[in-house]
Structures are given as C-alpha cells and as structure tokens.
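See structure below.
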Amino acid sequence: MRIVIAEDSVLLRAGLIKLLETSGFEVAAAVGEAEGLLAAVREHRPDAAIIDVRMPPGFSDEGVRAALVMRREAPEVAVLLLSQYVEERYAADLLSTSTSGVGYLLKDRVADVSVFLDALRRVAAGGTALDPEVVSQLLLRRHRDPLDRLTPREKEVLALMAEGRSNAGIAAALVVSESAVAKHINSIFAKLDLPHAEGDHRRVLAVLRFLDGET
C-alpha cells in the first residue's frame, strides 16, 4: 500500500515514515505543507494520504482544504486526517463530499500503533474511521431530534458506527450478538428517517446525520 504523508512536524513525520515502513507500507512521499501534498498526490497517486489538519503557512485548516481539493482531483485516494485537538467539523466536511475512504484521528492515537494502523487500513479499503474522542464529544452535544428518538443502546451503536466499526466489531464491543446489532441499526435507520440505499450508504448517511448540526 502506497502512502503520502503531509505533516509539518519533522519529528512526527519521521516517526510516521518509520512506523509505516516497518509495518509493510510504502511511503511514496512525505511533505511539510499543503501544496507539497497536492503535488505528491498528483505525481504518485497513492492509495491513501495521511494529512495534518493545520499546516503552513497559516496553521489553521490548510490540510483540510488541501484534502478537499485532493478528493475532487483524485477521489480514489483515501484520506486520514490527523489533528492535535478535537475539531469534528472537519470530519463532517470530508464526509459530506464522499461516502468512503475517510478518517479523522487525534495525533495521540498514533501512539497506539495497532489502533492507528487498523484505522489506516480501514480507510484505505474504503471505510471510515472517526476518533472515539470525536464521537464522544458529539454524543454529549446532541440533545435534539431526530437523535433524541434513539434509545441509549442505539446511541451506543451509532457512536460505534461513526468510529467506522463493522457489525461484528460493534457486537464485540457491546458483547451482544451480530443479529442484535443488525436490529439496532435497522431501528436507527428508521428513526432517523433514512431512505433505503444499496450497500453501506445508509451507514454513512446515519453518521452524517450524527455529525450534522455542529458545523
């Protein structure tokens, strides 16, 4: 799997390169600013790009804006955003442009190697991966319809869906059967008034509904 890294911190960039290469990934390019990211993606067409949210020159949302440009130019390239702090609107910005291949993690999560690599692989395979801390804050802030219709257990299931977990992963986390998880998910779809759709599209719509309203 070919990866492009965009991270302005020299130490973190070097650490990511070493971690990925020793884990069997190929790092096609590693840059420190947004324009370099776009040039690297155009040249190498990687499977995924790991992108810092805040990069030179303004250290505001340069990484996110570059990621949105990248998604328009090369939608097949997965995006995993890294952020120092929880800023869930950035996850919503990316999810609103695509229904697959999107992740958002806090930088602290990189230290948990297995969690970080699992998120990267999931995103590169076309899934989603949202940091549990982002999901936690979103749950605390939601006190309005239609999410108020959900039971506490359904909110737990939706939170795990937002992290990008499969039905099997949700079942393992909650210590319930996969059939029970499927029933909860169908109930969530019904209560959120989500239309029937093929594949995993309704899961993404549910996550977007979960994110909507705070951006």
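In the structure tokens, each chain is lettered A, B, ... as it comes, each chain's residues begin at 1, and ligands are numbered from 1 in order of appearance.
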Using only C-alpha atoms, find each residue in segment 111-141 of chain A having at least one atom no more than 12 Å away from segment 44-65 of chain A; report its shortest atom-to-atom pair and that distance in Å (one decimal), rows by chain then rising number, as a Markdown table.
```
| residue | atom | partner | partner_atom | distance |
| --- | --- | --- | --- | --- |
| A:Phe116 | CA | A:Ile50 | CA | 11.1 |
| A:Leu117 | CA | A:Ile50 | CA | 11.4 |
| A:Ala119 | CA | A:Ile50 | CA | 11.1 |
| A:Leu120 | CA | A:Ala48 | CA | 8.1 |
| A:Arg121 | CA | A:Ala48 | CA | 9.1 |
| A:Arg122 | CA | A:Ala48 | CA | 10.6 |
| A:Val123 | CA | A:Ala48 | CA | 7.9 |
| A:Ala124 | CA | A:Ala48 | CA | 5.8 |
| A:Ala125 | CA | A:Asp47 | CA | 8.9 |
| A:Gly126 | CA | A:Ala48 | CA | 10.0 |
| A:Gly127 | CA | A:Ala48 | CA | 11.9 |
```
Please list as a PDB file with C-alpha atoms, in the first residue's frame every residue within 9 Å of Ala206 of chain A, counting only C-alpha atoms and excluding residues in the same chain fewer than 6 positions away.
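For reference, part-v3.pdb as written:
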```pdb
ATOM      1  CA  LEU A 158     -24.468   4.753  16.246  1.00  0.00           C
ATOM      2  CA  MET A 161     -20.765   3.107  13.543  1.00  0.00           C
ATOM      3  CA  ALA A 162     -19.347   6.630  13.475  1.00  0.00           C
ATOM      4  CA  ILE A 188     -31.639   3.650  13.862  1.00  0.00           C
ATOM      5  CA  PHE A 189     -32.246   3.934  10.118  1.00  0.00           C
ATOM      6  CA  LEU A 192     -33.540   8.876  11.512  1.00  0.00           C
ATOM      7  CA  LEU A 194     -33.095   7.416   6.254  1.00  0.00           C
TER       8      LEU A 194
END
```
### Task
Please report, as a PyMOL selection string, each residue of chain A to which DSSP assigns alpha helix (DSSP H) when run on this structure's backbone.
chain A and resi 10-22+34-44+62-73+88-95+113-124+132-141+152-163+167-174+178-191+201-211
### Message
Considering only C-alpha atoms, can you say which of A:Glu43, A:Glu154, A:Glu76, A:Glu163 comes closest to Asp118 of chain A?
### Response
A:Glu163
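Take the candidates A:Asp8, A:Glu26, A:Glu33, A:Asp193 and check each one against Arg149 of chain A using only C-alpha atoms; the shortest distance goes to A:Asp193.
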### Query
What does the distance from atom CA of Ala171 of chain A to atom CA of Lys183 of chain A come to in Å, to one decimal?
11.5 Å
### Query
Using only C-alpha atoms, which of A:Ser100, A:Leu80, A:Leu19, A:Val4 sits nearest Ala40 of chain A?
A:Val4
### Message
Just want the 10 Å neighbourhood of Gly164 of chain A, counted on only C-alpha atoms, with same-chain residues fewer than 3 positions away dropped. Output as number ranges by chain.
### Response
A: 102-103, 119, 122-123, 127-132, 158-161, 167, 169-170, 203-204, 207
### Task
as a VMD selection string, list the residues of chain A assigned to strand (DSSP E) by DSSP on the backbone atoms of this structure.
chain A and resid 2 to 6 26 to 31 48 to 52 78 to 83 102 to 106 128 to 130
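Proximity of A:Ala28, A:Leu82, A:Leu38, A:Arg72 to Leu12 of chain A, computed with only C-alpha atoms, is greatest for A:Leu82.
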### Interatomic distance (Å, one decimal) between atom CA of Met1 of chain A and atom CA of Leu20 of chain A
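Atom CA of Leu20 of chain A lies 9.8 Å from atom CA of Met1 of chain A.
If only C-alpha atoms are the atoms counted, then among A:Ala29, A:Ala39, A:Val115, A:Leu150 the closest residue to Arg165 of chain A is A:Val115.
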### Query
Between atom CA of Lys18 of chain A and atom CA of Leu105 of chain A, what is the distance, to one decimal in Å?
18.9 Å
Find the spatial neighbours of Gly15 of chain A, counting only C-alpha atoms, within a cut-off of 12 Å - ignore same-chain residues fewer than 3 positions away - and output them as a PDB file with C-alpha atoms, in the first residue's frame.
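Output file out.pdb follows:
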```
ATOM      1  CA  ILE A   5       2.290  11.898   4.391  1.00  0.00           C
ATOM      2  CA  GLU A   7       2.834  16.690   8.379  1.00  0.00           C
ATOM      3  CA  SER A   9       6.318  18.438  12.451  1.00  0.00           C
ATOM      4  CA  VAL A  10       9.653  16.941  11.398  1.00  0.00           C
ATOM      5  CA  LEU A  11       9.694  14.535  14.339  1.00  0.00           C
ATOM      6  CA  LEU A  12       6.168  13.228  13.814  1.00  0.00           C
ATOM      7  CA  LYS A  18       9.437   4.634  10.215  1.00  0.00           C
ATOM      8  CA  LEU A  19       6.219   3.188  11.641  1.00  0.00           C
ATOM      9  CA  LEU A  20       4.624   2.719   8.223  1.00  0.00           C
ATOM     10  CA  GLU A  21       7.689   1.276   6.537  1.00  0.00           C
ATOM     11  CA  THR A  22       8.322  -1.223   9.326  1.00  0.00           C
ATOM     12  CA  VAL A  27       5.815   5.810   1.821  1.00  0.00           C
ATOM     13  CA  ALA A  30       6.469  12.886   2.949  1.00  0.00           C
ATOM     14  CA  LYS A 107      -2.499  12.646  16.879  1.00  0.00           C
ATOM     15  CA  VAL A 110      -0.736   7.332  16.545  1.00  0.00           C
ATOM     16  CA  ALA A 111       0.998   6.145  19.731  1.00  0.00           C
ATOM     17  CA  VAL A 113       0.091   1.541  16.845  1.00  0.00           C
TER      18      VAL A 113
END
```
